[in-house]
>>> print(open('upload_4.csv').read())   # CSV, C-alpha atoms
chain,number,residue,atom,x,y,z
A,1,MET,CA,0.0,0.0,0.0
A,2,ASP,CA,1.3,3.4,-1.0
A,3,MET,CA,2.0,6.0,1.8
A,4,LYS,CA,2.0,9.8,1.7
A,5,ALA,CA,5.7,10.7,2.0
A,6,LYS,CA,7.2,14.1,2.9
A,7,SER,CA,8.5,14.8,-0.6
A,8,SER,CA,10.2,18.1,0.3
A,9,LEU,CA,12.0,16.5,3.3
A,10,ILE,CA,13.3,13.6,1.1
A,11,ARG,CA,14.4,16.1,-1.5
A,12,LYS,CA,16.2,18.1,1.2
A,13,HIS,CA,18.0,15.0,2.5
A,14,ARG,CA,19.1,14.3,-1.1
A,15,LEU,CA,20.3,17.8,-1.8
A,16,ASP,CA,22.1,18.1,1.5
A,17,ARG,CA,24.2,15.2,0.3
A,18,MET,CA,24.6,16.8,-3.1
A,19,TRP,CA,23.2,13.7,-4.8
A,20,SER,CA,21.2,13.7,-8.0
A,21,GLN,CA,18.1,11.6,-8.3
A,22,GLU,CA,20.0,9.0,-10.2
A,23,GLN,CA,22.6,8.8,-7.4
A,24,LEU,CA,19.9,8.4,-4.8
A,25,ALA,CA,18.3,5.6,-6.8
A,26,ASP,CA,21.7,3.8,-7.0
A,27,VAL,CA,22.5,4.0,-3.3
A,28,SER,CA,19.0,3.1,-2.2
A,29,GLY,CA,18.4,0.3,-4.6
A,30,LEU,CA,15.2,2.0,-5.9
A,31,SER,CA,14.4,2.8,-9.5
A,32,LEU,CA,14.8,6.3,-10.8
A,33,ARG,CA,11.1,6.4,-11.6
A,34,THR,CA,10.3,5.7,-8.0
A,35,ILE,CA,12.5,8.5,-6.8
A,36,GLN,CA,11.0,10.9,-9.3
A,37,ARG,CA,7.4,9.9,-8.4
A,38,LEU,CA,8.2,10.2,-4.7
A,39,GLU,CA,9.7,13.7,-5.0
A,40,ALA,CA,7.0,14.9,-7.3
A,41,ARG,CA,3.9,13.5,-5.7
A,42,GLY,CA,5.0,12.1,-2.3
A,43,SER,CA,3.6,8.6,-3.2
A,44,ALA,CA,5.7,5.6,-2.1
A,45,SER,CA,5.4,2.1,-0.6
A,46,GLN,CA,6.5,1.4,2.9
A,47,GLU,CA,9.4,-0.6,1.6
A,48,SER,CA,10.6,2.4,-0.5
A,49,ILE,CA,10.4,4.7,2.5
A,50,LYS,CA,12.3,2.3,4.7
A,51,ALA,CA,15.1,2.0,2.0
A,52,LEU,CA,15.4,5.8,1.9
A,53,ALA,CA,15.4,6.1,5.7
A,54,ALA,CA,18.3,3.6,5.8
A,55,VAL,CA,20.3,5.6,3.2
A,56,PHE,CA,19.6,8.9,5.0
A,57,GLU,CA,20.2,7.3,8.4
A,58,VAL,CA,16.9,8.7,9.8
A,59,ASP,CA,13.8,7.2,11.4
A,60,ALA,CA,11.4,5.9,8.7
A,61,ASP,CA,8.5,7.5,10.5
A,62,SER,CA,10.0,11.0,10.0
A,63,LEU,CA,9.6,10.6,6.2
A,64,PHE,CA,5.9,10.1,5.8
A,65,TRP,CA,2.6,11.7,7.1
A,66,LYS,CA,1.5,9.3,9.9
A,67,ASP,CA,-2.2,9.7,9.2
A,68,GLY,CA,-1.7,9.1,5.5
A,69,SER,CA,-2.4,12.6,4.4
A,70,PHE,CA,-0.9,16.1,4.4
A,71,GLN,CA,-0.6,17.6,7.8
A,72,VAL,CA,-1.3,21.3,8.3
A,73,TYR,CA,1.7,23.5,9.3
A,74,ARG,CA,0.8,26.0,12.0
A,75,HIS,CA,3.3,28.2,13.9
A,76,ARG,CA,2.9,31.2,16.1
A,77,GLN,CA,5.8,33.7,16.6
A,78,TRP,CA,5.6,36.0,19.6
A,79,SER,CA,6.6,39.6,19.3
A,80,TRP,CA,9.5,40.6,21.6
A,81,VAL,CA,9.0,44.1,20.3
A,82,MET,CA,5.6,44.4,21.9
A,83,PHE,CA,6.7,42.7,25.1
A,84,THR,CA,9.7,45.1,25.5
A,85,LEU,CA,8.7,48.3,23.7
A,86,MET,CA,5.2,48.8,25.0
A,87,PRO,CA,6.0,48.6,28.7
A,88,LEU,CA,8.9,51.0,28.1
A,89,ILE,CA,6.6,53.4,26.3
A,90,ALA,CA,4.0,53.1,29.1
A,91,ALA,CA,6.6,53.8,31.8
A,92,CYS,CA,7.9,56.9,29.9
A,93,LEU,CA,4.4,58.2,29.5
A,94,LEU,CA,3.6,57.7,33.2
A,95,GLY,CA,6.8,59.3,34.2
A,96,ALA,CA,6.2,62.3,31.9
A,97,GLN,CA,2.6,62.6,33.0
A,98,SER,CA,3.4,62.6,36.7
A,99,GLN,CA,6.3,65.1,36.2
A,100,PHE,CA,4.7,67.5,33.8
A,101,ASN,CA,1.0,66.7,33.8
A,102,LEU,CA,0.9,66.7,30.0
A,103,MET,CA,-2.8,65.7,29.5
A,104,PRO,CA,-6.0,65.2,31.4
A,105,PRO,CA,-6.5,61.9,33.2
A,106,ALA,CA,-9.2,60.8,30.8
A,107,ALA,CA,-6.8,61.3,27.8
A,108,VAL,CA,-4.2,59.2,29.6
A,109,GLY,CA,-6.7,56.5,30.0
A,110,VAL,CA,-7.7,56.6,26.3
A,111,LEU,CA,-4.0,56.5,25.3
A,112,PHE,CA,-3.2,53.5,27.5
A,113,GLY,CA,-6.3,51.8,26.1
A,114,LEU,CA,-5.1,52.3,22.6
A,115,LEU,CA,-1.6,51.1,23.5
A,116,THR,CA,-3.2,48.0,25.0
A,117,VAL,CA,-5.2,47.2,21.9
A,118,VAL,CA,-2.1,47.6,19.7
A,119,ALA,CA,0.0,45.4,22.0
A,120,ILE,CA,-2.7,42.6,22.0
A,121,ALA,CA,-3.3,42.9,18.2
A,122,PHE,CA,0.4,42.6,17.4
A,123,SER,CA,1.6,40.4,20.2
A,124,SER,CA,2.2,37.5,17.8
A,125,MET,CA,1.8,36.4,14.2
A,126,THR,CA,0.4,32.9,13.3
A,127,ILE,CA,1.1,31.3,9.9
A,128,GLU,CA,-0.8,28.3,8.7
A,129,VAL,CA,-0.2,26.3,5.5
A,130,ASN,CA,-3.0,23.9,4.6
A,131,GLU,CA,-3.8,21.9,1.5
A,132,SER,CA,-5.1,24.8,-0.5
A,133,GLU,CA,-3.7,28.1,0.9
A,134,ILE,CA,-1.4,30.0,3.3
A,135,GLN,CA,-3.2,31.9,6.1
A,136,TRP,CA,-1.7,34.4,8.5
A,137,PHE,CA,-3.0,36.7,11.2
A,138,PHE,CA,-1.8,38.8,14.1
A,139,GLY,CA,-2.6,38.3,17.8
A,140,PRO,CA,-6.0,36.7,18.5
A,141,GLY,CA,-7.0,37.0,14.8
A,142,ALA,CA,-6.5,40.6,13.7
A,143,PHE,CA,-5.8,41.4,10.0
A,144,ARG,CA,-6.4,37.9,8.8
A,145,LYS,CA,-5.1,37.2,5.3
A,146,SER,CA,-4.9,34.2,3.0
A,147,LEU,CA,-3.1,33.3,-0.2
A,148,PRO,CA,-4.2,30.4,-2.5
A,149,LEU,CA,-1.3,28.0,-3.3
A,150,GLU,CA,-2.1,28.3,-7.0
A,151,GLU,CA,-1.1,32.0,-7.0
A,152,ILE,CA,2.4,31.2,-5.8
A,153,ALA,CA,5.2,31.4,-8.4
A,154,ASN,CA,8.2,31.1,-6.2
A,155,TYR,CA,9.3,31.3,-2.5
A,156,ARG,CA,12.5,31.5,-0.6
A,157,ALA,CA,13.9,32.2,2.9
A,158,VAL,CA,15.1,35.7,3.4
A,159,LYS,CA,16.7,38.0,6.0
A,160,ASN,CA,15.1,41.5,6.2
A,161,PRO,CA,17.2,44.6,6.7
A,162,ILE,CA,16.5,46.2,10.1
A,163,TRP,CA,15.1,49.3,8.5
A,164,MET,CA,12.2,47.3,7.0
A,165,GLY,CA,10.7,47.4,10.5
A,166,PHE,CA,7.7,45.5,11.9
A,167,GLY,CA,4.0,45.4,11.5
A,168,ILE,CA,2.2,45.6,8.2
A,169,HIS,CA,3.5,47.9,5.4
A,170,ALA,CA,4.0,48.1,1.7
A,171,TYR,CA,7.5,47.9,0.2
A,172,GLY,CA,8.0,48.3,-3.5
A,173,THR,CA,5.6,46.0,-5.3
A,174,GLY,CA,4.8,43.9,-2.2
A,175,TRP,CA,3.7,43.8,1.4
A,176,ILE,CA,5.6,42.9,4.5
A,177,TYR,CA,4.0,41.2,7.6
A,178,ASN,CA,6.3,40.8,10.6
A,179,VAL,CA,6.1,41.0,14.4
A,180,SER,CA,9.6,40.1,15.5
A,181,GLY,CA,13.1,39.4,14.2
A,182,LEU,CA,14.7,39.7,10.7
A,183,LEU,CA,14.0,36.3,9.3
A,184,GLY,CA,11.2,35.4,7.0
A,185,VAL,CA,10.0,33.9,3.7
A,186,GLU,CA,9.4,35.9,0.5
A,187,ILE,CA,6.6,34.6,-1.6
A,188,GLU,CA,6.6,35.8,-5.2
A,189,LEU,CA,3.1,35.8,-6.9
A,190,LYS,CA,2.4,34.9,-10.5
A,191,GLY,CA,1.4,38.5,-11.1
A,192,GLY,CA,4.9,39.7,-10.2
A,193,SER,CA,4.2,41.2,-6.7
A,194,PHE,CA,5.5,39.6,-3.5
A,195,ILE,CA,4.6,39.0,0.1
A,196,ARG,CA,7.1,38.7,2.9
A,197,LEU,CA,6.0,36.8,6.0
A,198,GLY,CA,8.2,37.2,9.1
A,199,SER,CA,9.1,33.8,10.7
A,200,ASP,CA,11.6,32.6,13.3
A,201,GLU,CA,11.6,29.2,11.5
A,202,PRO,CA,11.8,30.1,7.7
A,203,LYS,CA,13.3,26.8,6.6
A,204,TYR,CA,10.3,24.9,8.1
A,205,LEU,CA,7.8,27.3,6.5
A,206,VAL,CA,9.5,26.9,3.1
A,207,ALA,CA,9.3,23.1,3.5
A,208,ALA,CA,5.7,23.3,4.5
A,209,ILE,CA,4.9,25.3,1.3
A,210,GLU,CA,6.8,22.8,-0.8
A,211,ASP,CA,4.8,19.9,0.8
A,212,ALA,CA,1.5,21.7,0.3
A,213,LYS,CA,2.2,22.4,-3.3
A,214,ALA,CA,3.4,18.9,-4.0
A,215,ASN,CA,0.3,17.5,-2.2
A,216,ALA,CA,-2.0,19.7,-4.3
A,217,SER,CA,-0.4,18.7,-7.6
>>> encode(input="upload_4.csv", output="structure tokens")
Amino acid sequence: MDMKAKSSLIRKHRLDRMWSQEQLADVSGLSLRTIQRLEARGSASQESIKALAAVFEVDADSLFWKDGSFQVYRHRQWSWVMFTLMPLIAACLLGAQSQFNLMPPAAVGVLFGLLTVVAIAFSSMTIEVNESEIQWFFGPGAFRKSLPLEEIANYRAVKNPIWMGFGIHAYGTGWIYNVSGLLGVEIELKGGSFIRLGSDEPKYLVAAIEDAKANAS
């Protein structure tokens, strides 16, 4: 019985060893056609997966989806910016207010309410890759967005320059969504624009997109 293999992970193991598909077929004892089918569609027998696991020196269970189907990737990154910057801003405002009485107490309450809302809304960013699309949102669900897999032309792990900042903003022909750190994944759309999603595990996000697209094909 065929099993649903993690095609992008198998491809990664092969490329890490700088092997071609033909070389992997030779060392594993599998046919080239099997390797090509496995990397393209993630379909392989249990015996084939065991043969690859032995070659890669990994557990066979790590090379296939245990429930027999694609497993959704979901990861939440917390914002160290909000957890450090907002308390600092609040402390500075309280100090200035007590020292100089800059605004009425009611205005202080409104300002702190707004800061609290912003802190909660951008406290984290969650990214999910399922069988048909990528979804992402901030905090408990603010600014929820989605992107169908079929609209993706290319994708790669990137490191953002510090001046790109955090939050949501346009840059050139694309948009950037980020709550913390400089790492992320740039997704190029078929129309030529791009989206950059901040992530503290960009390699896993890239692998999840690869698996989702392979599963959909």
>>> residues_around(input="upload_4.csv", residues="range 94-97 of chain A", least_positions_apart="6", cutoff="10 Å", atoms="only C-alpha atoms", output="PyMOL selection string")
chain A and resi 88+103-105+108+112
>>> residues_around(input="upload_4.csv", residues="Leu63 in chain A", least_positions_apart="6", cutoff="8 Å", atoms="all atoms listed in the file", output="PDB file with C-alpha atoms, in the frame of the given file")
ATOM      1  CA  ALA A   5       5.700  10.700   2.000  1.00  0.00           C
ATOM      2  CA  LYS A   6       7.200  14.100   2.900  1.00  0.00           C
ATOM      3  CA  LEU A   9      12.000  16.500   3.300  1.00  0.00           C
ATOM      4  CA  ILE A  10      13.300  13.600   1.100  1.00  0.00           C
ATOM      5  CA  ILE A  49      10.400   4.700   2.500  1.00  0.00           C
ATOM      6  CA  ALA A  53      15.400   6.100   5.700  1.00  0.00           C
TER       7      ALA A  53
END
>>> residues_around(input="upload_4.csv", residues="Val185 in chain A", least_positions_apart="2", cutoff="12 Å", atoms="all atoms listed in the file", output="ChimeraX atom specification")
/A:127,154-160,175-178,182-183,187-188,194-209
>>> residues_near_point(input="upload_4.csv", point="(2.7, 22.4, 1.5)", cutoff="12 Å", atoms="all atoms listed in the file", output="PyMOL selection string")
chain A and resi 6-9+41-42+69-74+128-134+148-150+152+155+204-217
>>> residues_around(input="upload_4.csv", residues="Met125 in chain A", least_positions_apart="5", cutoff="9 Å", atoms="all atoms listed in the file", output="count of residues only")
17
>>> closest_residue(input="upload_4.csv", among="A:Arg33, A:Arg144, A:Lys4, A:His13", to="Val58 in chain A", atoms="only C-alpha atoms")
A:His13
>>> atom_distance(input="upload_4.csv", atom1="CA of Met3 in chain A", atom2="CA of Ser31 in chain A")
17.1 Å
>>> residues_around(input="upload_4.csv", residues="Leu115 in chain A", least_positions_apart="3", cutoff="10 Å", atoms="only C-alpha atoms", output="number ranges by chain")
A: 82, 86-87, 89-90, 109-112, 118-121
>>> atom_distance(input="upload_4.csv", atom1="CA of Leu24 in chain A", atom2="CA of Ala54 in chain A")
11.7 Å
>>> atom_distance(input="upload_4.csv", atom1="CA of Lys50 in chain A", atom2="CA of Gln23 in chain A")
17.2 Å
>>> closest_residue(input="upload_4.csv", among="A:Gly29, A:Gly184, A:Gly191, A:Gly113", to="Met164 in chain A", atoms="all atoms listed in the file")
A:Gly184
>>> closest_residue(input="upload_4.csv", among="A:Thr116, A:Leu147, A:Gly181, A:Ala44", to="Ile162 in chain A", atoms="all atoms listed in the file")
A:Gly181
>>> build_atoms(input="upload_4.csv", residues="range 91-116 of chain A", atoms="N, CA and C atoms", output="short mmCIF file (atom, residue, chain, number, x, y, z; two decimals), in the coordinates of the input")
data_model
loop_
_atom_site.label_atom_id
_atom_site.label_comp_id
_atom_site.auth_asym_id
_atom_site.auth_seq_id
_atom_site.Cartn_x
_atom_site.Cartn_y
_atom_site.Cartn_z
N ALA A 91 5.90 53.22 30.61
CA ALA A 91 6.60 53.80 31.80
C ALA A 91 7.07 55.20 31.49
N CYS A 92 7.51 55.48 30.26
CA CYS A 92 7.90 56.90 29.90
C CYS A 92 6.73 57.81 29.96
N LEU A 93 5.57 57.36 29.47
CA LEU A 93 4.40 58.20 29.50
C LEU A 93 3.93 58.50 30.92
N LEU A 94 3.96 57.47 31.76
CA LEU A 94 3.60 57.70 33.20
C LEU A 94 4.52 58.61 33.87
N GLY A 95 5.83 58.46 33.59
CA GLY A 95 6.80 59.30 34.20
C GLY A 95 6.63 60.78 33.75
N ALA A 96 6.41 60.98 32.44
CA ALA A 96 6.20 62.30 31.90
C ALA A 96 4.91 62.94 32.44
N GLN A 97 3.87 62.12 32.55
CA GLN A 97 2.60 62.60 33.00
C GLN A 97 2.67 63.06 34.49
N SER A 98 3.33 62.24 35.32
CA SER A 98 3.40 62.60 36.70
C SER A 98 4.35 63.80 36.95
N GLN A 99 5.32 63.98 36.07
CA GLN A 99 6.30 65.10 36.20
C GLN A 99 5.74 66.39 35.65
N PHE A 100 5.08 66.30 34.48
CA PHE A 100 4.70 67.50 33.80
C PHE A 100 3.19 67.70 33.59
N ASN A 101 2.41 66.68 33.97
CA ASN A 101 1.00 66.70 33.80
C ASN A 101 0.58 67.16 32.40
N LEU A 102 1.02 66.36 31.41
CA LEU A 102 0.90 66.70 30.00
C LEU A 102 -0.54 66.71 29.48
N MET A 103 -1.41 65.88 30.04
CA MET A 103 -2.80 65.70 29.50
C MET A 103 -3.74 65.38 30.63
N PRO A 104 -5.04 65.56 30.40
CA PRO A 104 -6.00 65.20 31.40
C PRO A 104 -6.02 63.71 31.69
N PRO A 105 -6.44 63.31 32.89
CA PRO A 105 -6.50 61.90 33.20
C PRO A 105 -7.26 61.04 32.25
N ALA A 106 -8.38 61.60 31.74
CA ALA A 106 -9.20 60.80 30.80
C ALA A 106 -8.42 60.55 29.51
N ALA A 107 -7.63 61.53 29.05
CA ALA A 107 -6.80 61.30 27.80
C ALA A 107 -5.75 60.27 28.07
N VAL A 108 -5.19 60.25 29.27
CA VAL A 108 -4.20 59.20 29.60
C VAL A 108 -4.82 57.84 29.54
N GLY A 109 -6.04 57.74 30.07
CA GLY A 109 -6.70 56.50 30.00
C GLY A 109 -7.01 55.99 28.60
N VAL A 110 -7.43 56.92 27.73
CA VAL A 110 -7.70 56.60 26.30
C VAL A 110 -6.39 56.15 25.64
N LEU A 111 -5.30 56.87 25.91
CA LEU A 111 -4.00 56.50 25.30
C LEU A 111 -3.54 55.16 25.71
N PHE A 112 -3.67 54.86 26.99
CA PHE A 112 -3.20 53.50 27.50
C PHE A 112 -4.14 52.45 26.91
N GLY A 113 -5.42 52.77 26.71
CA GLY A 113 -6.30 51.80 26.10
C GLY A 113 -5.91 51.48 24.67
N LEU A 114 -5.53 52.52 23.92
CA LEU A 114 -5.10 52.30 22.60
C LEU A 114 -3.78 51.50 22.52
N LEU A 115 -2.85 51.82 23.44
CA LEU A 115 -1.60 51.10 23.50
C LEU A 115 -1.86 49.59 23.81
N THR A 116 -2.83 49.34 24.68
CA THR A 116 -3.20 48.00 25.00
C THR A 116 -3.73 47.21 23.85
#
